[in-house]
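Undergrad: You'll find protein23.pdb just under this line, and it carries PDB, C-alpha atoms.
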ATOM      1  CA  MET U 144      92.693 125.770 122.218
ATOM      2  CA  SER U 145      92.642 127.424 125.628
ATOM      3  CA  THR U 146      93.689 130.984 126.387
ATOM      4  CA  GLN U 147      96.221 131.638 129.131
ATOM      5  CA  SER U 148      94.917 135.127 129.957
ATOM      6  CA  GLY U 149      91.864 133.738 131.772
ATOM      7  CA  ALA U 150      89.275 135.927 129.995
ATOM      8  CA  SER U 151      87.091 134.234 127.425
ATOM      9  CA  PRO U 152      86.085 136.131 124.279
ATOM     10  CA  ALA U 153      82.428 135.849 125.340
ATOM     11  CA  ARG U 154      83.171 137.518 128.687
ATOM     12  CA  SER U 155      85.088 140.340 127.009
ATOM     13  CA  GLY U 156      82.240 140.920 124.587
ATOM     14  CA  PHE U 157      79.702 140.990 127.421
ATOM     15  CA  ALA U 158      81.804 143.481 129.451
ATOM     16  CA  LEU U 159      82.159 145.755 126.432
ATOM     17  CA  ALA U 160      78.399 145.630 125.739
ATOM     18  CA  LEU U 161      77.655 146.398 129.411
ATOM     19  CA  ILE U 162      79.988 149.414 129.435
ATOM     20  CA  LEU U 163      78.490 150.806 126.227
ATOM     21  CA  THR U 164      74.926 150.320 127.517
ATOM     22  CA  LEU U 165      75.680 152.101 130.798
ATOM     23  CA  ALA U 166      77.399 154.930 128.997
ATOM     24  CA  ALA U 167      74.482 155.434 126.644
ATOM     25  CA  ALA U 168      71.663 155.031 129.168
ATOM     26  CA  GLY U 169      72.636 155.806 132.708
ATOM     27  CA  CYS U 170      75.580 158.150 132.767
ATOM     28  CA  ASN U 171      73.867 161.245 131.424
ATOM     29  CA  ARG U 172      71.277 162.223 134.028
ATOM     30  CA  ALA U 173      71.155 165.908 133.171
ATOM     31  CA  ASP U 174      67.897 165.360 131.233
ATOM     32  CA  THR U 175      65.965 164.766 134.442
ATOM     33  CA  PRO U 176      64.888 167.861 136.399
ATOM     34  CA  GLU U 177      65.851 166.469 139.805
ATOM     35  CA  ALA U 178      69.406 165.832 138.665
ATOM     36  CA  GLU U 179      70.057 169.413 137.590
ATOM     37  CA  ALA U 180      72.816 170.973 139.631
ATOM     38  CA  PRO U 181      72.059 174.359 141.179
ATOM     39  CA  PRO U 182      73.998 177.216 139.623
ATOM     40  CA  VAL U 183      77.304 177.886 141.304
ATOM     41  CA  PRO U 184      77.468 181.495 142.532
ATOM     42  CA  ALA U 185      80.404 183.503 141.288
ATOM     43  CA  PRO U 186      82.977 184.080 144.012
ATOM     44  CA  ALA U 187      82.851 187.542 145.570
ATOM     45  CA  ALA U 188      85.569 189.843 144.389
ATOM     46  CA  ALA U 189      88.148 189.660 147.126
ATOM     47  CA  THR U 190      89.903 192.817 148.160
ATOM     48  CA  PRO U 191      93.614 192.371 147.478
ATOM     49  CA  GLN U 192      95.537 191.818 150.699
ATOM     50  CA  ILE U 193      99.163 192.604 151.473
ATOM     51  CA  GLU U 194     100.924 191.409 154.605
ATOM     52  CA  ARG U 195     103.340 193.517 156.610
ATOM     53  CA  GLY U 196     104.592 191.815 159.741
ATOM     54  CA  ARG U 197     101.529 189.884 160.936
ATOM     55  CA  LEU U 198      98.985 192.481 159.778
ATOM     56  CA  LYS U 199      96.890 192.132 156.646
ATOM     57  CA  PHE U 200      96.415 195.315 154.656
ATOM     58  CA  VAL U 201      94.044 196.253 151.890
ATOM     59  CA  SER U 202      95.983 197.711 148.985
ATOM     60  CA  GLY U 203      94.721 201.133 147.962
ATOM     61  CA  PHE U 204      92.962 203.929 149.786
ATOM     62  CA  GLU U 205      89.636 203.903 147.910
ATOM     63  CA  GLN U 206      89.169 200.141 148.273
ATOM     64  CA  GLY U 207      90.028 200.268 151.972
ATOM     65  CA  LEU U 208      87.729 203.191 152.746
ATOM     66  CA  ALA U 209      84.850 201.485 150.921
ATOM     67  CA  GLN U 210      85.443 198.305 152.938
ATOM     68  CA  ALA U 211      85.567 200.284 156.206
ATOM     69  CA  GLN U 212      82.246 201.940 155.386
ATOM     70  CA  ARG U 213      80.649 198.573 154.536
ATOM     71  CA  GLU U 214      81.945 196.940 157.729
ATOM     72  CA  GLY U 215      81.539 199.970 160.027
ATOM     73  CA  LYS U 216      85.173 199.730 161.155
ATOM     74  CA  PRO U 217      87.718 202.523 161.580
ATOM     75  CA  VAL U 218      90.711 202.676 159.259
ATOM     76  CA  LEU U 219      94.384 202.242 160.097
ATOM     77  CA  LEU U 220      96.029 203.965 157.126
ATOM     78  CA  PHE U 221      99.704 202.989 156.812
ATOM     79  CA  PHE U 222     101.715 205.332 154.582
ATOM     80  CA  THR U 223     104.885 203.585 153.478
ATOM     81  CA  ALA U 224     107.364 203.282 150.621
ATOM     82  CA  PRO U 225     109.523 200.418 149.342
ATOM     83  CA  TRP U 226     112.674 202.486 149.928
ATOM     84  CA  CYS U 227     111.736 203.395 153.553
ATOM     85  CA  GLY U 228     113.948 201.463 155.963
ATOM     86  CA  PHE U 229     112.036 202.632 159.059
ATOM     87  CA  CYS U 230     108.780 201.416 157.471
ATOM     88  CA  HIS U 231     110.235 197.924 157.058
ATOM     89  CA  GLN U 232     111.577 197.968 160.635
ATOM     90  CA  MET U 233     108.193 199.026 162.002
ATOM     91  CA  ALA U 234     106.498 196.244 160.028
ATOM     92  CA  HIS U 235     108.878 193.651 161.480
ATOM     93  CA  GLU U 236     108.696 195.006 165.025
ATOM     94  CA  ALA U 237     105.416 196.792 165.825
ATOM     95  CA  PHE U 238     103.265 194.856 163.349
ATOM     96  CA  THR U 239     104.274 191.562 164.989
ATOM     97  CA  HIS U 240     103.372 192.716 168.524
ATOM     98  CA  ASP U 241     100.594 190.414 169.822
ATOM     99  CA  GLN U 242      98.329 193.240 171.026
ATOM    100  CA  VAL U 243      98.735 195.181 167.765
ATOM    101  CA  VAL U 244      97.792 192.061 165.802
ATOM    102  CA  ALA U 245      94.755 191.423 168.030
ATOM    103  CA  LEU U 246      93.542 195.035 167.796
ATOM    104  CA  SER U 247      94.053 195.121 164.023
ATOM    105  CA  ASP U 248      90.960 192.924 163.623
ATOM    106  CA  ARG U 249      88.880 195.899 164.770
ATOM    107  CA  PHE U 250      90.226 198.068 161.921
ATOM    108  CA  VAL U 251      90.386 197.945 158.176
ATOM    109  CA  CYS U 252      94.140 198.233 157.688
ATOM    110  CA  VAL U 253      95.009 200.044 154.464
ATOM    111  CA  LEU U 254      98.458 200.296 152.921
ATOM    112  CA  VAL U 255      99.222 203.388 150.867
ATOM    113  CA  ASP U 256     102.443 203.109 148.882
ATOM    114  CA  ALA U 257     103.897 206.609 148.471
ATOM    115  CA  ASP U 258     105.270 205.747 145.030
ATOM    116  CA  GLU U 259     101.989 204.297 143.742
ATOM    117  CA  GLN U 260      99.530 206.744 145.353
ATOM    118  CA  PRO U 261     101.373 210.069 145.848
ATOM    119  CA  GLU U 262      98.086 212.006 145.525
ATOM    120  CA  ILE U 263      96.724 210.317 148.672
ATOM    121  CA  CYS U 264      99.935 211.196 150.525
ATOM    122  CA  ARG U 265      99.524 214.838 149.454
ATOM    123  CA  GLU U 266      95.839 214.838 150.424
ATOM    124  CA  PHE U 267      96.758 213.697 153.950
ATOM    125  CA  ARG U 268      99.816 215.976 154.046
ATOM    126  CA  VAL U 269     102.214 213.136 154.807
ATOM    127  CA  ARG U 270     105.686 214.591 155.296
ATOM    128  CA  GLY U 271     107.588 211.548 156.547
ATOM    129  CA  TYR U 272     107.446 207.783 156.550
ATOM    130  CA  PRO U 273     106.175 205.720 158.155
ATOM    131  CA  THR U 274     102.978 207.580 159.000
ATOM    132  CA  ILE U 275      99.837 205.990 160.384
ATOM    133  CA  GLN U 276      96.615 207.971 160.122
ATOM    134  CA  PHE U 277      93.511 206.657 161.862
ATOM    135  CA  LEU U 278      90.137 207.443 160.278
ATOM    136  CA  SER U 279      86.558 206.897 161.359
ATOM    137  CA  PRO U 280      84.525 204.469 159.234
ATOM    138  CA  ARG U 281      83.253 207.528 157.334
ATOM    139  CA  GLY U 282      86.775 208.790 156.641
ATOM    140  CA  VAL U 283      86.998 211.501 159.309
ATOM    141  CA  PRO U 284      90.645 211.908 160.442
ATOM    142  CA  LEU U 285      91.341 210.888 164.035
ATOM    143  CA  ASN U 286      94.815 210.581 165.572
ATOM    144  CA  ARG U 287      98.100 210.281 163.682
ATOM    145  CA  VAL U 288     101.432 208.569 164.343
ATOM    146  CA  THR U 289     104.517 209.831 162.517
ATOM    147  CA  GLY U 290     107.777 207.911 162.479
ATOM    148  CA  LYS U 291     108.734 204.425 163.571
ATOM    149  CA  LYS U 292     107.068 203.527 166.877
ATOM    150  CA  PRO U 293     107.316 200.441 169.082
ATOM    151  CA  GLY U 294     104.391 198.038 169.400
ATOM    152  CA  HIS U 295     103.250 199.165 172.857
ATOM    153  CA  GLN U 296     102.963 202.776 171.664
ATOM    154  CA  LEU U 297     101.005 201.721 168.570
ATOM    155  CA  VAL U 298      98.635 199.775 170.853
ATOM    156  CA  MET U 299      97.891 202.982 172.786
ATOM    157  CA  GLU U 300      97.235 204.891 169.548
ATOM    158  CA  MET U 301      94.952 202.128 168.248
ATOM    159  CA  GLN U 302      92.982 202.141 171.512
ATOM    160  CA  ALA U 303      92.688 205.945 171.362
ATOM    161  CA  ALA U 304      91.306 205.724 167.820
ATOM    162  CA  LEU U 305      88.759 203.092 168.861
ATOM    163  CA  GLN U 306      87.683 205.262 171.816
ATOM    164  CA  ALA U 307      87.333 208.309 169.553
ATOM    165  CA  VAL U 308      85.108 206.328 167.184
ATOM    166  CA  ALA U 309      83.005 205.074 170.114
ATOM    167  CA  ARG U 310      82.544 208.657 171.394
ATOM    168  CA  ARG U 311      81.571 209.902 167.937
ATOM    169  CA  THR U 312      79.110 207.018 167.555
ATOM    170  CA  GLU U 313      77.569 207.894 170.923
ATOM    171  CA  TRP U 314      77.099 211.489 169.791
ATOM    172  CA  THR U 315      75.608 210.570 166.432
ATOM    173  CA  ASP U 316      73.279 207.941 167.900
ATOM    174  CA  ARG U 317      71.787 210.314 170.478
ATOM    175  CA  PRO U 318      68.645 212.193 169.601
ATOM    176  CA  THR U 319      69.156 215.915 169.249
ATOM    177  CA  TYR U 320      67.130 218.242 171.449
ATOM    178  CA  ARG U 321      66.442 221.902 170.849
TER     179      ARG U 321
END
Would you mind writing the file's structure down as structure tokens?

TA:
Amino acid sequence: MSTQSGASPARSGFALALILTLAAAGCNRADTPEAEAPPVPAPAAATPQIERGRLKFVSGFEQGLAQAQREGKPVLLFFTAPWCGFCHQMAHEAFTHDQVVALSDRFVCVLVDADEQPEICREFRVRGYPTIQFLSPRGVPLNRVTGKKPGHQLVMEMQAALQAVARRTEWTDRPTYR
């Protein structure tokens, strides 16, 4: 009696024996020292990012200031609120300006939500929104922008903050003479 399927019982038995032998002998190579995989490092805790316009912001003042200190970058502190229409307009207009986006890489941009962090708003005496406060990498206040501003004006303020940080760095890097 011939089978129509084309596979003989002897062939099927041989294939099954081969699969079982390979599974038992060759598939588990973890016993050998050279086959041990190196430990996978845990991913670094990423700082949460929020986008406004084309800028990426760190959420929260403390996290942003710590990042600025680590990276040696000044801070662009954006005080905003979900209910602030001018804040949303500024995000869609000034924060999409090509020069603002390019300069933002030289800052740690930090978003402070007035509803979530009112104590930070009080500490910086924010009276209106939007407000942008520039800080040195060590947290020293530099220039401030209050109210909705166009992109070209924000570029000038960003450049002024970078120049102020450069001047302060020059002063602190110089030896002091008596």

Undergrad: Can you work out which one of U:Ser247, U:Gln232, U:Thr223, U:Gln210 has the shortest atom-to-atom distance to U:Arg197, counting only C-alpha atoms?

TA: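 When distances to U:Arg197 are compared using only C-alpha atoms, the smallest one comes from U:Ser247.
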
Undergrad: Compute the distance from (86.3, 207.5, 158.5) to each atom, counting all atoms listed in the file, keep the residues with any atom at most 9 Å away, and return them as a VMD selection string; use the coordinates of the file.

TA: chain U and resid 208 211 to 212 216 to 218 277 to 285 308

Undergrad: Might you pull out every residue within 10 Å of U:Val244, with all atoms listed in the file counted and same-chain residues fewer than 3 positions away left off, and present them as a list of chain:residue names?

TA: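 Once the adjacent positions are removed, what remains is U:Gly196, U:Arg197, U:Leu198, U:Lys199, U:Ala237, U:Phe238, U:Thr239, U:His240, U:Asp241, U:Ser247, U:Asp248, U:Arg249, U:Gly294, U:Val298.
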
Undergrad: Rank nothing, just name the residue among U:Thr289, U:Leu219, U:Cys230, U:Glu300 nearest to U:Phe250, using all atoms listed in the file.

TA: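 Nearest candidate to U:Phe250 out of U:Thr289, U:Leu219, U:Cys230, U:Glu300: U:Leu219.
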
Undergrad: Between U:Met299, U:Gly228, U:Phe221, U:Cys264, single out the one closest to U:Gln276, counting only C-alpha atoms.

TA: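 Of the candidates, the smallest distance to U:Gln276 is held by U:Phe221.
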
Undergrad: Distance atom CA of U:Pro225-atom CA of U:Lys292, one decimal place?

TA: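 Between these atoms lies a distance of 18.0 Å.
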
Undergrad: One decimal, Å: what's the distance from atom CA of U:Gln192 over to atom CA of U:Arg311, could you say?

TA: 28.6 Å

Undergrad: Rounded to one decimal, what separation in Å do you get between atom CA of U:Gly290 and atom CA of U:Pro273?

TA: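 Between these atoms lies a distance of 5.1 Å.
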
Undergrad: Excluding U:Val201 and its own-chain neighbours fewer than 3 positions away, which residues fall within 10 Å of it when counting all atoms listed in the file? Please give them as a ChimeraX atom specification.

TA: /U:190-194,204-208,210,220,251-255
